[in-house]
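Printed here is run.cif (mmCIF, C-alpha atoms):
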data_query
#
loop_
_atom_site.label_atom_id
_atom_site.label_comp_id
_atom_site.auth_asym_id
_atom_site.auth_seq_id
_atom_site.Cartn_x
_atom_site.Cartn_y
_atom_site.Cartn_z
CA MET A 27 49.01 74.29 37.91
CA LYS A 28 49.29 74.25 34.16
CA MET A 29 52.80 72.79 34.34
CA HIS A 30 51.48 70.16 36.69
CA THR A 31 48.84 69.08 34.19
CA LYS A 32 51.40 68.78 31.44
CA ASP A 33 53.76 66.74 33.65
CA ASP A 34 50.93 64.41 34.56
CA PHE A 35 50.07 63.93 30.91
CA TYR A 36 53.69 63.10 30.00
CA LYS A 37 53.96 60.75 32.94
CA GLY A 38 50.85 58.96 31.68
CA LEU A 39 52.23 58.79 28.14
CA LYS A 40 55.44 57.26 29.44
CA HIS A 41 53.59 54.66 31.48
CA GLY A 42 51.53 53.81 28.40
CA ILE A 43 54.49 52.81 26.21
CA PRO A 44 55.03 49.30 27.60
CA ILE A 45 51.27 48.71 27.47
CA ALA A 46 51.24 49.62 23.79
CA LEU A 47 54.26 47.38 23.11
CA GLY A 48 52.32 44.51 24.56
CA TYR A 49 49.15 45.40 22.66
CA ILE A 50 50.65 45.42 19.18
CA PRO A 51 51.21 41.67 18.74
CA VAL A 52 47.81 40.89 20.29
CA SER A 53 45.89 43.37 18.13
CA PHE A 54 47.94 42.29 15.11
CA THR A 55 46.68 38.75 15.63
CA PHE A 56 43.16 40.09 16.02
CA GLY A 57 43.32 41.99 12.73
CA LEU A 58 44.80 39.00 10.93
CA MET A 59 42.21 36.54 12.21
CA ALA A 60 39.28 38.89 11.64
CA VAL A 61 40.13 39.46 7.98
CA LYS A 62 40.91 35.76 7.46
CA GLY A 63 37.44 35.01 8.83
CA GLY A 64 35.82 37.34 6.29
CA ILE A 65 35.42 40.56 8.30
CA PRO A 66 36.22 43.65 6.18
CA VAL A 67 39.48 45.47 7.00
CA VAL A 68 37.68 48.68 7.99
CA ALA A 69 35.29 46.79 10.29
CA ALA A 70 38.17 44.99 12.02
CA ILE A 71 39.89 48.30 12.72
CA LEU A 72 36.60 49.85 13.86
CA ILE A 73 35.98 46.98 16.30
CA SER A 74 39.37 47.71 17.89
CA MET A 75 38.75 51.45 17.98
CA THR A 76 35.29 51.18 19.54
CA ASN A 77 35.82 48.20 21.85
CA LEU A 78 39.41 48.32 23.10
CA THR A 79 39.22 44.87 24.69
CA SER A 80 41.29 41.79 24.05
CA ALA A 81 39.37 38.67 25.04
CA GLY A 82 36.00 40.37 24.49
CA GLN A 83 36.83 41.31 20.92
CA PHE A 84 38.21 37.90 20.03
CA ALA A 85 35.07 36.23 21.37
CA GLY A 86 32.84 38.70 19.52
CA MET A 87 34.79 38.27 16.29
CA ASN A 88 34.41 34.48 16.42
CA LEU A 89 30.67 34.82 16.98
CA ILE A 90 30.34 37.24 14.06
CA ILE A 91 32.21 34.82 11.79
CA GLU A 92 30.05 31.91 12.98
CA GLY A 93 26.92 33.95 12.21
CA ALA A 94 25.65 34.20 15.80
CA SER A 95 22.67 36.34 16.77
CA LEU A 96 23.06 39.85 18.18
CA ILE A 97 21.72 38.68 21.56
CA GLU A 98 24.34 35.96 21.74
CA ILE A 99 27.03 38.48 20.83
CA ALA A 100 25.78 40.96 23.45
CA LEU A 101 25.65 38.31 26.22
CA THR A 102 29.09 36.91 25.46
CA THR A 103 30.60 40.40 25.33
CA PHE A 104 28.93 41.17 28.65
CA ILE A 105 30.28 38.07 30.39
CA VAL A 106 33.80 38.27 28.99
CA ASN A 107 34.12 41.97 29.85
CA LEU A 108 32.34 41.94 33.21
CA ARG A 109 35.63 42.28 35.07
CA TYR A 110 35.84 45.88 33.86
CA MET A 111 32.96 46.62 36.20
CA LEU A 112 35.11 45.73 39.20
CA MET A 113 37.90 47.90 37.82
CA SER A 114 35.52 50.77 37.20
CA ILE A 115 34.26 50.57 40.81
CA SER A 116 37.86 50.73 41.97
CA LEU A 117 38.66 53.70 39.72
CA SER A 118 35.53 55.56 40.88
CA GLN A 119 37.28 55.75 44.27
CA LYS A 120 40.62 56.74 42.89
CA LEU A 121 39.79 59.44 40.33
CA SER A 122 40.17 62.96 41.70
CA ASN A 123 36.94 64.67 42.79
CA LYS A 124 37.98 67.68 40.75
CA ILE A 125 37.49 65.86 37.45
CA PRO A 126 34.15 66.91 35.88
CA ASP A 127 31.68 64.04 35.39
CA PHE A 128 31.72 64.16 31.59
CA LYS A 129 35.50 63.70 31.58
CA LYS A 130 35.18 60.73 33.90
CA TYR A 131 32.65 59.21 31.49
CA ILE A 132 35.09 59.63 28.60
CA LEU A 133 38.01 58.19 30.60
CA ALA A 134 35.85 55.15 31.50
CA PHE A 135 36.14 54.08 27.85
CA GLY A 136 39.86 53.49 28.36
CA ILE A 137 39.57 50.98 31.22
CA THR A 138 41.47 47.85 30.23
CA ASP A 139 43.21 45.31 32.46
CA GLU A 140 46.59 46.92 31.91
CA ILE A 141 45.50 50.56 32.10
CA PHE A 142 43.53 49.80 35.24
CA ALA A 143 46.43 47.99 36.88
CA ILE A 144 48.93 50.76 36.21
CA SER A 145 46.59 53.53 37.35
CA ALA A 146 45.40 51.64 40.45
CA VAL A 147 48.90 51.31 41.86
CA GLN A 148 49.81 55.00 41.43
CA PRO A 149 50.11 56.83 44.73
CA GLY A 150 47.32 59.29 45.55
CA GLU A 151 44.38 60.41 43.44
CA LEU A 152 44.37 60.18 39.65
CA THR A 153 44.13 63.32 37.54
CA SER A 154 42.39 63.42 34.17
CA SER A 155 45.67 64.49 32.49
CA TYR A 156 47.47 61.41 33.77
CA MET A 157 44.64 59.11 32.67
CA ALA A 158 44.40 60.75 29.25
CA GLY A 159 48.16 60.29 28.79
CA LEU A 160 48.04 56.70 29.98
CA ILE A 161 45.21 55.76 27.58
CA THR A 162 46.55 57.52 24.46
CA ILE A 163 49.51 55.38 23.36
CA PRO A 164 47.94 51.98 24.12
CA TYR A 165 44.83 53.10 22.17
CA ILE A 166 46.94 54.04 19.16
CA GLY A 167 48.94 50.82 19.50
CA TRP A 168 45.77 48.76 19.64
CA ALA A 169 44.31 50.37 16.51
CA LEU A 170 47.61 50.36 14.65
CA GLY A 171 48.33 46.71 15.46
CA THR A 172 44.86 45.76 14.22
CA ALA A 173 45.39 47.69 11.00
CA MET A 174 48.76 46.04 10.43
CA GLY A 175 47.29 42.59 11.02
CA ALA A 176 44.24 43.31 8.88
CA LEU A 177 46.44 44.48 6.01
CA THR A 178 48.93 41.67 6.75
CA SER A 179 51.82 43.96 6.04
CA SER A 180 53.65 43.56 9.31
CA LEU A 181 57.01 45.26 9.48
CA LEU A 182 58.15 42.91 12.21
CA PRO A 183 59.80 39.53 11.73
CA PRO A 184 57.51 36.77 13.09
CA THR A 185 59.98 35.67 15.80
CA LEU A 186 60.23 39.16 17.24
CA GLN A 187 56.49 39.57 16.97
CA SER A 188 55.86 36.40 18.93
CA ALA A 189 58.47 37.40 21.54
CA MET A 190 56.60 40.68 21.98
CA GLY A 191 53.66 38.70 23.28
CA ILE A 192 55.45 38.54 26.61
CA ALA A 193 55.60 42.34 27.03
CA LEU A 194 52.28 42.71 28.86
CA TYR A 195 53.19 39.99 31.32
CA CYS A 196 56.62 41.51 32.00
CA MET A 197 54.85 44.76 32.76
CA PHE A 198 52.57 43.01 35.24
CA ILE A 199 55.64 41.47 36.86
CA ALA A 200 57.24 44.93 37.08
CA ILE A 201 54.22 46.15 39.06
CA VAL A 202 53.61 43.17 41.33
CA VAL A 203 57.15 42.15 42.29
CA PRO A 204 58.32 45.43 43.90
CA ALA A 205 54.96 45.69 45.74
CA ALA A 206 55.19 42.08 46.93
CA LYS A 207 58.74 42.71 48.19
CA GLU A 208 57.48 45.56 50.37
CA SER A 209 54.15 44.17 51.52
CA LYS A 210 53.36 40.66 52.68
CA ALA A 211 49.68 41.36 52.01
CA ALA A 212 50.29 42.14 48.32
CA LEU A 213 52.41 38.97 48.04
CA VAL A 214 49.71 36.79 49.61
CA VAL A 215 46.98 38.31 47.41
CA ALA A 216 49.01 37.86 44.20
CA LEU A 217 50.02 34.26 45.06
CA THR A 218 46.42 33.36 45.93
CA ALA A 219 45.22 34.73 42.60
CA ILE A 220 47.98 32.83 40.75
CA THR A 221 47.02 29.60 42.50
CA ILE A 222 43.36 30.02 41.58
CA SER A 223 44.05 30.85 37.93
CA SER A 224 46.48 27.92 37.65
CA ALA A 225 43.84 25.60 39.11
CA PHE A 226 41.29 26.78 36.55
CA THR A 227 43.82 26.25 33.78
CA TRP A 228 45.08 22.79 34.62
CA ILE A 229 42.62 20.92 36.82
CA PRO A 230 40.28 18.78 34.70
CA TYR A 231 36.53 19.67 34.64
CA ILE A 232 36.99 23.22 35.98
CA ASN A 233 39.45 24.15 33.22
CA SER A 234 36.67 24.76 30.70
CA LEU A 235 35.72 28.10 32.26
CA SER A 236 36.45 31.16 30.10
CA THR A 237 39.38 33.45 30.93
CA GLY A 238 37.01 36.29 31.80
CA TRP A 239 35.35 34.25 34.54
CA VAL A 240 38.62 32.90 35.85
CA ILE A 241 39.94 36.44 36.32
CA ILE A 242 36.72 37.53 38.03
CA ILE A 243 36.73 34.55 40.42
CA ALA A 244 40.45 34.82 41.20
CA THR A 245 40.16 38.58 41.75
CA ILE A 246 37.17 38.36 44.09
CA VAL A 247 38.54 35.46 46.14
CA ALA A 248 42.13 36.76 46.43
CA SER A 249 41.12 40.37 47.18
CA SER A 250 38.58 39.20 49.78
CA ILE A 251 41.22 37.06 51.48
CA GLY A 252 43.54 40.08 51.51
CA ALA A 253 40.83 42.35 52.91
CA VAL A 254 39.95 39.87 55.69
CA ILE A 255 43.49 38.91 56.75
CA PHE A 256 45.15 42.28 56.18
CA PRO A 257 42.45 44.96 56.52
CA ARG A 258 43.71 48.43 55.64
CA GLU A 259 43.54 51.22 58.19
CA GLU A 260 41.50 54.30 57.29
CA ASP A 261 44.42 56.67 56.66
CA GLU A 262 46.43 54.13 54.69
CA TYR A 263 43.99 54.24 51.80
CA GLU A 264 44.96 56.39 48.89
CA MET B 49 28.54 35.37 9.00
CA SER B 50 26.48 37.91 10.97
CA ASN B 51 26.03 41.46 9.78
CA VAL B 52 29.26 43.03 11.02
CA TYR B 53 28.28 46.62 11.73
CA PRO B 54 25.27 46.06 14.02
CA ALA B 55 27.36 43.45 15.90
CA LEU B 56 30.22 45.91 16.22
CA ILE B 57 27.89 48.56 17.66
CA VAL B 58 26.31 46.11 20.12
CA MET B 59 29.74 44.96 21.33
CA ALA B 60 30.94 48.55 21.76
CA LEU B 61 27.80 49.63 23.65
CA VAL B 62 27.74 46.65 26.00
CA THR B 63 31.44 47.10 26.79
CA TYR B 64 31.13 50.84 27.37
CA MET B 65 28.12 50.37 29.68
CA ILE B 66 30.13 47.94 31.80
CA ARG B 67 32.95 50.46 32.07
CA VAL B 68 30.94 53.62 32.67
CA LEU B 69 27.99 52.52 34.86
CA PRO B 70 29.95 52.14 38.12
CA ILE B 71 31.48 55.59 37.58
CA ILE B 72 28.05 57.11 36.91
CA LEU B 73 26.37 55.37 39.84
CA ILE B 74 29.01 55.59 42.57
CA LYS B 75 29.26 59.18 43.73
CA GLY B 76 31.61 59.93 46.59
CA LYS B 77 33.77 57.58 48.59
CA LEU B 78 32.79 54.13 49.77
CA LYS B 79 32.85 53.77 53.56
CA SER B 80 33.22 50.06 54.31
CA LYS B 81 36.68 49.05 55.51
CA PHE B 82 36.30 45.67 53.82
CA VAL B 83 35.37 47.24 50.47
CA LYS B 84 38.24 49.72 50.66
CA SER B 85 40.73 46.99 51.51
CA PHE B 86 39.27 44.79 48.77
CA LEU B 87 39.69 47.55 46.19
CA TYR B 88 43.21 48.26 47.40
CA TYR B 89 44.28 44.63 46.88
CA MET B 90 42.39 44.19 43.62
CA PRO B 91 45.15 45.20 41.19
CA TYR B 92 47.55 42.65 42.69
CA ALA B 93 44.91 39.94 42.39
CA VAL B 94 44.02 40.87 38.79
CA LEU B 95 47.68 41.03 37.79
CA GLY B 96 48.55 37.76 39.50
CA ALA B 97 45.66 35.94 37.85
CA MET B 98 46.43 37.38 34.43
CA THR B 99 50.18 36.80 34.57
CA PHE B 100 50.30 33.17 35.56
CA PRO B 101 49.85 30.80 33.83
CA GLY B 102 49.09 33.14 30.88
CA ILE B 103 52.75 34.13 30.50
CA LEU B 104 53.72 30.53 29.67
CA TYR B 105 51.69 30.65 26.45
CA SER B 106 52.56 34.23 25.50
CA THR B 107 55.35 33.65 22.97
CA GLY B 108 54.45 30.42 21.20
CA ASN B 109 57.35 28.63 22.93
CA ILE B 110 57.04 27.72 26.61
CA LEU B 111 60.80 27.64 27.25
CA ALA B 112 61.27 31.10 25.72
CA SER B 113 58.37 32.35 27.84
CA VAL B 114 59.83 30.86 31.02
CA LEU B 115 63.26 32.38 30.38
CA GLY B 116 61.79 35.76 29.36
CA GLY B 117 59.60 35.71 32.47
CA ALA B 118 62.50 34.74 34.71
CA PHE B 119 64.62 37.58 33.36
CA ALA B 120 61.72 40.01 33.87
CA LEU B 121 61.36 38.74 37.46
CA PHE B 122 65.04 39.36 38.05
CA LEU B 123 64.82 42.92 36.67
CA ALA B 124 61.62 43.69 38.59
CA TYR B 125 63.13 42.33 41.80
CA HIS B 126 65.90 44.90 41.36
CA ASN B 127 63.28 47.63 40.97
CA GLN B 128 63.91 48.39 37.31
CA GLU B 129 61.44 50.62 35.46
CA MET B 130 58.45 49.01 33.78
CA ILE B 131 59.64 49.75 30.26
CA LYS B 132 63.06 48.17 30.99
CA VAL B 133 61.46 45.07 32.45
CA ALA B 134 59.20 44.76 29.40
CA ILE B 135 61.99 45.22 26.87
CA GLY B 136 64.31 42.93 28.86
CA GLY B 137 61.68 40.19 28.85
CA ILE B 138 61.03 40.58 25.11
CA LEU B 139 64.75 40.43 24.30
CA ALA B 140 65.34 37.39 26.52
CA ALA B 141 62.41 35.55 24.91
CA TYR B 142 63.51 36.67 21.42
CA ILE B 143 67.13 35.52 21.85
CA CYS B 144 65.91 32.24 23.29
CA GLN B 145 63.63 31.71 20.26
CA LEU B 146 66.48 32.46 17.86
CA LEU B 147 68.73 29.93 19.57
CA LEU B 148 66.16 27.14 19.74
#

Can you present the structure in this file as structure tokens?
Amino acid sequence: MKMHTKDDFYKGLKHGIPIALGYIPVSFTFGLMAVKGGIPVVAAILISMTNLTSAGQFAGMNLIIEGASLIEIALTTFIVNLRYMLMSISLSQKLSNKIPDFKKYILAFGITDEIFAISAVQPGELTSSYMAGLITIPYIGWALGTAMGALTSSLLPPTLQSAMGIALYCMFIAIVVPAAKESKAALVVALTAITISSAFTWIPYINSLSTGWVIIIATIVASSIGAVIFPREEDEYE
Amino acid sequence: MSNVYPALIVMALVTYMIRVLPIILIKGKLKSKFVKSFLYYMPYAVLGAMTFPGILYSTGNILASVLGGAFALFLAYHNQEMIKVAIGGILAAYICQLLL
């Protein structure tokens, strides 16, 4: 049992490495922009350590720099991060029943798009050791990247740093493509979501919607289509 | 500029509430077949929506992004591990940026 826990933790750590690689350039940019906008270095790092969100933090940072009210900041944060609620509902079904409630409440802090996606496609129930492992390295990467950006002492050449921006997306591809090869349903759901997000990016008038909303809309529509056309049988659900 | 620290606390609290409330409120397993199927397909929808077209603008050079993405697709299609796909994509985009 003990060995099992340790293995799960290491497995989580390993799965977290590509997430962290993708986080560093993004959080670096965050740190850089925050300090350029007048936010103290310590505050920029603290925002990353207490929020652990990409789009949400960037939106909040801009509002802070513009001198927005706390209500405005709260509402924007709420809207941009609302998709985490969907992910949290999904994880509530996937986390092992054996995990004590207080641990679940701590793990909830680590729900990000990437961490959710990796954990949601794991077979079977999720243990707290696996989740703790999965969250650890991306969390460190996120804080470290912010600190590096805030102190503008990046060790990476700019070209490599900008190329690293693709890491998260490659990771997404590594999850979706093998699944889509096996299951027509996963392929249809992913392609539907891609079509919707492309439409909201390029079609005039509707392309002004924020990324947070686009992801929510694409997720709800594509998953609903999947659930209606390819309903899952009881025993298939893990 | 707003006062940073109250704003930081508000942002953190709002975000944490969003993440933790469903886990506090939903005890036990959901029964509906539609909901279960919906939740099962959700990661593929989220990932699809986040990947494209976002990937095109991920490196600061669309051509490098396209080539990096194409190489990642190739690796993923051949069932390579996540970390290899990620590093392969970064290297392809990096080399492309150096050559351009």

**OP:** Enumerate, as JSON, numbers by chain, the residues matched when the PyMOL selection byres ((chain B and resi 81-88) around 6) is run on the file above.
**Re:** {"A": [116, 249, 250, 253, 257, 258], "B": [80, 89, 90]}

Only C-alpha atoms, please: the residues just picked out, written as a PDB file, in the coordinates of the input.
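Output contents, as saved in selection.pdb:
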ATOM      1  CA  SER A 116      37.860  50.730  41.970  1.00  0.00           C
ATOM      2  CA  SER A 249      41.120  40.370  47.180  1.00  0.00           C
ATOM      3  CA  SER A 250      38.580  39.200  49.780  1.00  0.00           C
ATOM      4  CA  ALA A 253      40.830  42.350  52.910  1.00  0.00           C
ATOM      5  CA  PRO A 257      42.450  44.960  56.520  1.00  0.00           C
ATOM      6  CA  ARG A 258      43.710  48.430  55.640  1.00  0.00           C
TER       7      ARG A 258
ATOM      8  CA  SER B  80      33.220  50.060  54.310  1.00  0.00           C
ATOM      9  CA  TYR B  89      44.280  44.630  46.880  1.00  0.00           C
ATOM     10  CA  MET B  90      42.390  44.190  43.620  1.00  0.00           C
TER      11      MET B  90
END

**OP:** Go through A:Leu186, A:Ile241, A:Ile71, A:Ile132 and flag the residue nearest B:Cys144, using only C-alpha atoms for the distances.
**Re:** A:Leu186

Original post:
For this file, the PyMOL selection byres ((chain A and resi 205) around 12) selects which residues, as an NGL selection string?
Top reply: (:A and (147-148 or 198-204 or 206-216)) or (:B and (89 or 91-92 or 95-96 or 124-127))

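Interatomic distance, atom CA of A:Thr245 against atom CA of A:Ala146: 14.1 Å.
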
For the provided coordinates, the residues matched by the PyMOL selection byres ((chain A and resi 97) around 12) should be stated as a PDB file with C-alpha atoms, keeping the file's coordinate frame.
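Saved to expr.pdb:
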ATOM      1  CA  GLY A  86      32.840  38.700  19.520  1.00  0.00           C
ATOM      2  CA  LEU A  89      30.670  34.820  16.980  1.00  0.00           C
ATOM      3  CA  ILE A  90      30.340  37.240  14.060  1.00  0.00           C
ATOM      4  CA  GLY A  93      26.920  33.950  12.210  1.00  0.00           C
ATOM      5  CA  ALA A  94      25.650  34.200  15.800  1.00  0.00           C
ATOM      6  CA  SER A  95      22.670  36.340  16.770  1.00  0.00           C
ATOM      7  CA  LEU A  96      23.060  39.850  18.180  1.00  0.00           C
ATOM      8  CA  GLU A  98      24.340  35.960  21.740  1.00  0.00           C
ATOM      9  CA  ILE A  99      27.030  38.480  20.830  1.00  0.00           C
ATOM     10  CA  ALA A 100      25.780  40.960  23.450  1.00  0.00           C
ATOM     11  CA  LEU A 101      25.650  38.310  26.220  1.00  0.00           C
ATOM     12  CA  THR A 102      29.090  36.910  25.460  1.00  0.00           C
ATOM     13  CA  THR A 103      30.600  40.400  25.330  1.00  0.00           C
ATOM     14  CA  PHE A 104      28.930  41.170  28.650  1.00  0.00           C
TER      15      PHE A 104
ATOM     16  CA  SER B  50      26.480  37.910  10.970  1.00  0.00           C
ATOM     17  CA  PRO B  54      25.270  46.060  14.020  1.00  0.00           C
ATOM     18  CA  ALA B  55      27.360  43.450  15.900  1.00  0.00           C
ATOM     19  CA  VAL B  58      26.310  46.110  20.120  1.00  0.00           C
ATOM     20  CA  MET B  59      29.740  44.960  21.330  1.00  0.00           C
ATOM     21  CA  VAL B  62      27.740  46.650  26.000  1.00  0.00           C
TER      22      VAL B  62
END

Original post:
Of the candidates A:Leu108, A:Leu58, A:Ile232, A:Met157, which shows the shortest atom-to-atom distance to chain B, using all atoms listed in the file?
Top reply: A:Leu108

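With distances taken over all atoms listed in the file, A:Ala193 is the one residue among A:Ala193, A:Met75, A:Ile105, A:Met174 lying closest to chain B.
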
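Distance annotation: of B:Leu104, B:Ala93, B:Val114, B:Leu147, the residue with the minimal separation from chain A is B:Ala93; atom set is all atoms listed in the file.
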
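The closest residue to chain B, picked from A:Asn77, A:Thr221, A:Thr237, A:Ser154 and counting only C-alpha atoms, is A:Asn77.
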
Subject >> 9 Å contact set for B:Ser106, only C-alpha atoms, chain neighbours under 5 positions out, as JSON, numbers by chain >> reply: {"A": [188, 189, 190, 191, 192, 193, 195], "B": [113]}

Just the selected residues (C-alpha atoms), exported as a tab-separated table (two decimals), in the coordinates of the input, please.
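And here is the file that came out, result01.tsv:
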chain	number	residue	atom	x	y	z
A	188	SER	CA	55.86	36.40	18.93
A	189	ALA	CA	58.47	37.40	21.54
A	190	MET	CA	56.60	40.68	21.98
A	191	GLY	CA	53.66	38.70	23.28
A	192	ILE	CA	55.45	38.54	26.61
A	193	ALA	CA	55.60	42.34	27.03
A	195	TYR	CA	53.19	39.99	31.32
B	113	SER	CA	58.37	32.35	27.84

Original post:
Smallest atom-to-atom distance to chain A: which of B:Gln145, B:Met49, B:Lys79, B:Leu139, using all atoms listed in the file?
Top reply: B:Met49

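If you look at atom CA of A:Leu39 and atom CA of A:Thr153, they are 13.2 Å away from each other.
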
**OP:** Pick out the residues sitting within 9 Å of A:Ile222, and hand them over as a list in words; count all atoms listed in the file, and ignore anything fewer than 6 positions along from it in its own chain.
**Re:** Val240, Ile241, Ile243, Ala244, Val247 and Ala248 of chain A; Ala97 of chain B

Take the residues just selected and output them with C-alpha atoms as a CSV table (one decimal), in the coordinates of the input.
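Now in result_1.csv:
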chain,number,residue,atom,x,y,z
A,240,VAL,CA,38.6,32.9,35.8
A,241,ILE,CA,39.9,36.4,36.3
A,243,ILE,CA,36.7,34.6,40.4
A,244,ALA,CA,40.4,34.8,41.2
A,247,VAL,CA,38.5,35.5,46.1
A,248,ALA,CA,42.1,36.8,46.4
B,97,ALA,CA,45.7,35.9,37.8

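The spacing separating atom CA of B:Lys77 from atom CA of A:Ile141 amounts to 21.4 Å.
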
Original post:
What's the 10 Å shell around A:Pro44, counting all atoms listed in the file, without same-chain residues fewer than 2 positions away, as a ChimeraX atom specification?
Top reply: /A:39-42,46-49,140,163-164,193-194,196-197 /B:130-135
